[in-house]
Amino acid sequence: MAKRKISLIGLVVVMICVLVFAPVVTAGIYFIHTVSGQLQHTASETVSMYLNEFTDRTDRMMETLRDGVYYLTSDSAAQQMMSSSKPLTQIQILQLEQNFNRTFSLGDSLNPDVVSAIYLIKNDQYVPVYGGNYYLNTSWRVRQMYQTHEDCNSARTLYTHYAIIGYAYMIVDFVDLNTMQPLGKIIVELNIDKLLSTLSLNQLYPSTVVIFSGAQGKRIGSLQTDLFRENEDMNKWYHASSSLRKSRERVDIYIPNAEILTGVRQSTRVYFLVCAAILILALLLAATCLILLLRPLRQMLHTIGSIGSGDFSVRMDETPYTETTAISHAFNDMADRLDTLFQEVYQRGLLLRDAEIHQLESQIQPHFIFNILELINVRCMVAGQPAICTTVQNLAQLLRASVVNHGKQIITLQEELDSVKYYLALQKERFEEKLQYTVDVEDDKLLGCYLPKLTIQPLVENSIVHGLEPKRHGGWVRVSIWEEEDAVYIRVHDDGVGFDPSAIPQPGSDDKHHTHVALHNIERRFQLLYGEPYGMSIKSEPGHGTSIVLTLPIITAPPEKEKDLC
């Protein structure tokens, strides 16, 4: 049963819908996301600004209150009055009030709406030294707090009473400075509702909920918590909080996300209405174009069918439209060039075959070299020359490693160290006792890590050729490898003649004879591969040797494509 074909008209209609509707929807989503993100960012910055201002202001107020309390406690006249067994007279009360108010004149002034009263309690005498409006039941509230929290003593904690709503209290012992025995209490009353109203966020977001909490999350005061239900979905709210720096209180702010994004809704509605109108208009225009294009398209399809059946002599006729005429011309040119393209493909196939043969020939030559070296090794053994045998074996292993890794850009640390050890062994044969070397790996698991080929060997070669060869009595080369903070460290250290690292010319300079110019190329290579945290550091001083440390990432699996790393 033949598969049902899709109508060209229906396909174009679907394509128009997709091509128009998809960008419209994408643009709409991007628009909503961008505007929403901007509004949320603005809300975040605004809330942060108000919170910082509020916490700074509250911190200053609390610091001023603590300074006042400590000043009143340390005042000699106040100490004398409180130590006396007699009740305070009205003159003494006025003097205490003046002394206390003098403290606030030196620091930040207190907001009388927030700091509603400060009481000094001696025995059963409640003395207001700041504020204390009797018509607002201030004395009754202070008395209730004292009776309930008589044992409390902290200038950095606010206390509350279950029967007193909207107020918090600072309760501090007035102690005898000589004996450190309590003489009474200082109680500071704060109107938390007035304090939170200074946050002023409700002017921007009317449904803002503010919660002022003390130690262990105990709620001290709040604003508009009737809008904020317990166990409500917190995804509907934007939440920000800040803690007082010198106290144990914190402020939590909750703003409905819907209120932040109010401006997006109307814009989104208008946007999608306009997009719907554009889509309908695009469909009408697409239907008209289809009707006009069907006739020349049928003719073009007939010609294409003839080409498909093997008749390369047919050509498309001219059409009344510029676009379809360009298609017919391009199709006719394509038909004219088919034979030429076939010939080019054939020639390329021949070239590819020749390249494969050349590759096979290049693979044969290294085997020939290895066979000759093996022959030399056998004859040296027969001749009783074990030193020459060792040299030939090291040279063969070094060449074999180069052939095995030919075409590779990424190899394991084990493979790299094998090449380094063969090279050092050959140099040891050359310099004899003038060259000492060690290769230390902190953990064998690092040998399976991957790194670019020819990472360590050029540095070792640099140490021997440019550091030890000019030195009269030779020296040593040490290769150390260890892991630290998710990175592999490779250090090549020698006691050669050293050099001045600042004198190395930068890549691209005219100094082509400088002996250390390759070091900059190696460092640039690692920075391009792995970024700024990785690379090479050089420490050297003329006459004091050279230490080069490479910092590489730990790569325990080979990349899927070496070009992704190199």
# chains A, B, ... in the order shown; residues from 1 in each chain; ligands from 1
$ residues_around --residues "stretch 235-247 of chain A" --least-positions-apart "6" --cutoff "7 Å" --atoms "only C-alpha atoms" --output "VMD selection string"
chain A and resid 51 55 59 156 to 157 253 to 257
$ residues_around --residues "A:Phe499" --least-positions-apart "4" --cutoff "12 Å" --atoms "only C-alpha atoms" --output "MDAnalysis selection string"
chainID A and resid 462:463 466:468 470 494:495 503:504 514:516 538:547
$ write_last_selection --atoms "N, CA and C atoms" --output "PDB file, in the first residue's frame"
ATOM      1  N   ASN A 462      65.683  21.258  27.531  1.00  0.00           N
ATOM      2  CA  ASN A 462      66.133  22.625  27.781  1.00  0.00           C
ATOM      3  C   ASN A 462      67.100  22.670  28.975  1.00  0.00           C
ATOM      4  N   SER A 463      66.784  21.880  30.034  1.00  0.00           N
ATOM      5  CA  SER A 463      67.643  21.867  31.213  1.00  0.00           C
ATOM      6  C   SER A 463      69.029  21.316  30.884  1.00  0.00           C
ATOM      7  N   HIS A 466      70.741  23.681  27.643  1.00  0.00           N
ATOM      8  CA  HIS A 466      71.032  25.079  27.950  1.00  0.00           C
ATOM      9  C   HIS A 466      71.438  25.309  29.398  1.00  0.00           C
ATOM     10  N   GLY A 467      71.216  24.307  30.274  1.00  0.00           N
ATOM     11  CA  GLY A 467      71.567  24.500  31.665  1.00  0.00           C
ATOM     12  C   GLY A 467      72.821  23.762  32.086  1.00  0.00           C
ATOM     13  N   LEU A 468      72.968  22.495  31.639  1.00  0.00           N
ATOM     14  CA  LEU A 468      74.073  21.672  32.116  1.00  0.00           C
ATOM     15  C   LEU A 468      75.248  21.603  31.145  1.00  0.00           C
ATOM     16  N   PRO A 470      76.639  23.959  29.249  1.00  0.00           N
ATOM     17  CA  PRO A 470      77.630  25.035  29.436  1.00  0.00           C
ATOM     18  C   PRO A 470      78.348  24.943  30.776  1.00  0.00           C
ATOM     19  N   ASP A 494      66.822  21.977  37.701  1.00  0.00           N
ATOM     20  CA  ASP A 494      68.226  21.656  37.449  1.00  0.00           C
ATOM     21  C   ASP A 494      69.101  22.647  38.193  1.00  0.00           C
ATOM     22  N   ASP A 495      70.388  22.274  38.327  1.00  0.00           N
ATOM     23  CA  ASP A 495      71.352  23.169  38.963  1.00  0.00           C
ATOM     24  C   ASP A 495      72.338  23.711  37.939  1.00  0.00           C
ATOM     25  N   ALA A 503      64.621  38.308  30.367  1.00  0.00           N
ATOM     26  CA  ALA A 503      65.326  38.591  29.114  1.00  0.00           C
ATOM     27  C   ALA A 503      64.857  37.719  27.967  1.00  0.00           C
ATOM     28  N   ILE A 504      63.911  36.786  28.235  1.00  0.00           N
ATOM     29  CA  ILE A 504      63.417  35.923  27.159  1.00  0.00           C
ATOM     30  C   ILE A 504      62.555  36.748  26.219  1.00  0.00           C
ATOM     31  N   HIS A 514      67.748  33.082  20.380  1.00  0.00           N
ATOM     32  CA  HIS A 514      67.673  32.970  21.835  1.00  0.00           C
ATOM     33  C   HIS A 514      67.405  31.526  22.219  1.00  0.00           C
ATOM     34  N   THR A 515      68.124  31.027  23.213  1.00  0.00           N
ATOM     35  CA  THR A 515      68.050  29.602  23.542  1.00  0.00           C
ATOM     36  C   THR A 515      66.777  29.211  24.269  1.00  0.00           C
ATOM     37  N   HIS A 516      66.065  30.149  24.862  1.00  0.00           N
ATOM     38  CA  HIS A 516      64.888  29.810  25.668  1.00  0.00           C
ATOM     39  C   HIS A 516      63.588  30.316  25.048  1.00  0.00           C
ATOM     40  N   ILE A 538      58.299  30.109  35.741  1.00  0.00           N
ATOM     41  CA  ILE A 538      59.743  29.918  35.599  1.00  0.00           C
ATOM     42  C   ILE A 538      60.441  30.688  36.703  1.00  0.00           C
ATOM     43  N   LYS A 539      61.327  29.988  37.434  1.00  0.00           N
ATOM     44  CA  LYS A 539      62.189  30.622  38.409  1.00  0.00           C
ATOM     45  C   LYS A 539      63.625  30.274  38.055  1.00  0.00           C
ATOM     46  N   SER A 540      64.411  31.279  37.741  1.00  0.00           N
ATOM     47  CA  SER A 540      65.791  31.042  37.358  1.00  0.00           C
ATOM     48  C   SER A 540      66.614  32.278  37.665  1.00  0.00           C
ATOM     49  N   GLU A 541      67.886  32.031  37.914  1.00  0.00           N
ATOM     50  CA  GLU A 541      68.818  33.108  38.202  1.00  0.00           C
ATOM     51  C   GLU A 541      70.182  32.677  37.679  1.00  0.00           C
ATOM     52  N   PRO A 542      70.877  33.545  36.979  1.00  0.00           N
ATOM     53  CA  PRO A 542      72.187  33.151  36.442  1.00  0.00           C
ATOM     54  C   PRO A 542      73.084  32.596  37.538  1.00  0.00           C
ATOM     55  N   GLY A 543      73.607  31.379  37.295  1.00  0.00           N
ATOM     56  CA  GLY A 543      74.494  30.740  38.248  1.00  0.00           C
ATOM     57  C   GLY A 543      73.808  29.936  39.331  1.00  0.00           C
ATOM     58  N   HIS A 544      72.469  29.920  39.377  1.00  0.00           N
ATOM     59  CA  HIS A 544      71.755  29.238  40.458  1.00  0.00           C
ATOM     60  C   HIS A 544      70.699  28.264  39.949  1.00  0.00           C
ATOM     61  N   GLY A 545      70.799  27.832  38.708  1.00  0.00           N
ATOM     62  CA  GLY A 545      69.889  26.813  38.213  1.00  0.00           C
ATOM     63  C   GLY A 545      68.534  27.366  37.785  1.00  0.00           C
ATOM     64  N   THR A 546      67.676  26.433  37.362  1.00  0.00           N
ATOM     65  CA  THR A 546      66.359  26.789  36.830  1.00  0.00           C
ATOM     66  C   THR A 546      65.327  25.823  37.372  1.00  0.00           C
ATOM     67  N   SER A 547      64.135  26.364  37.711  1.00  0.00           N
ATOM     68  CA  SER A 547      63.003  25.543  38.151  1.00  0.00           C
ATOM     69  C   SER A 547      61.781  25.956  37.351  1.00  0.00           C
TER      70      SER A 547
END
$ closest_residue --among "A:Pro458, A:Gly474, A:Pro182, A:Pro501" --to "A:Ser83" --atoms "only C-alpha atoms"
A:Pro182
$ residues_around --residues "stretch 120-126 of chain A" --least-positions-apart "4" --cutoff "12 Å" --atoms "only C-alpha atoms" --output "PyMOL selection string"
chain A and resi 69+72-73+78-79+81-90+92-93+96-97+100+130-132+134+138-147+150+170-175+182-189
$ select_by_dssp --residues "stretch 389-495 of chain A" --states "helix (DSSP H, G or I)" --output "PyMOL selection string"
chain A and resi 389-404+413-434+444-448+457-468
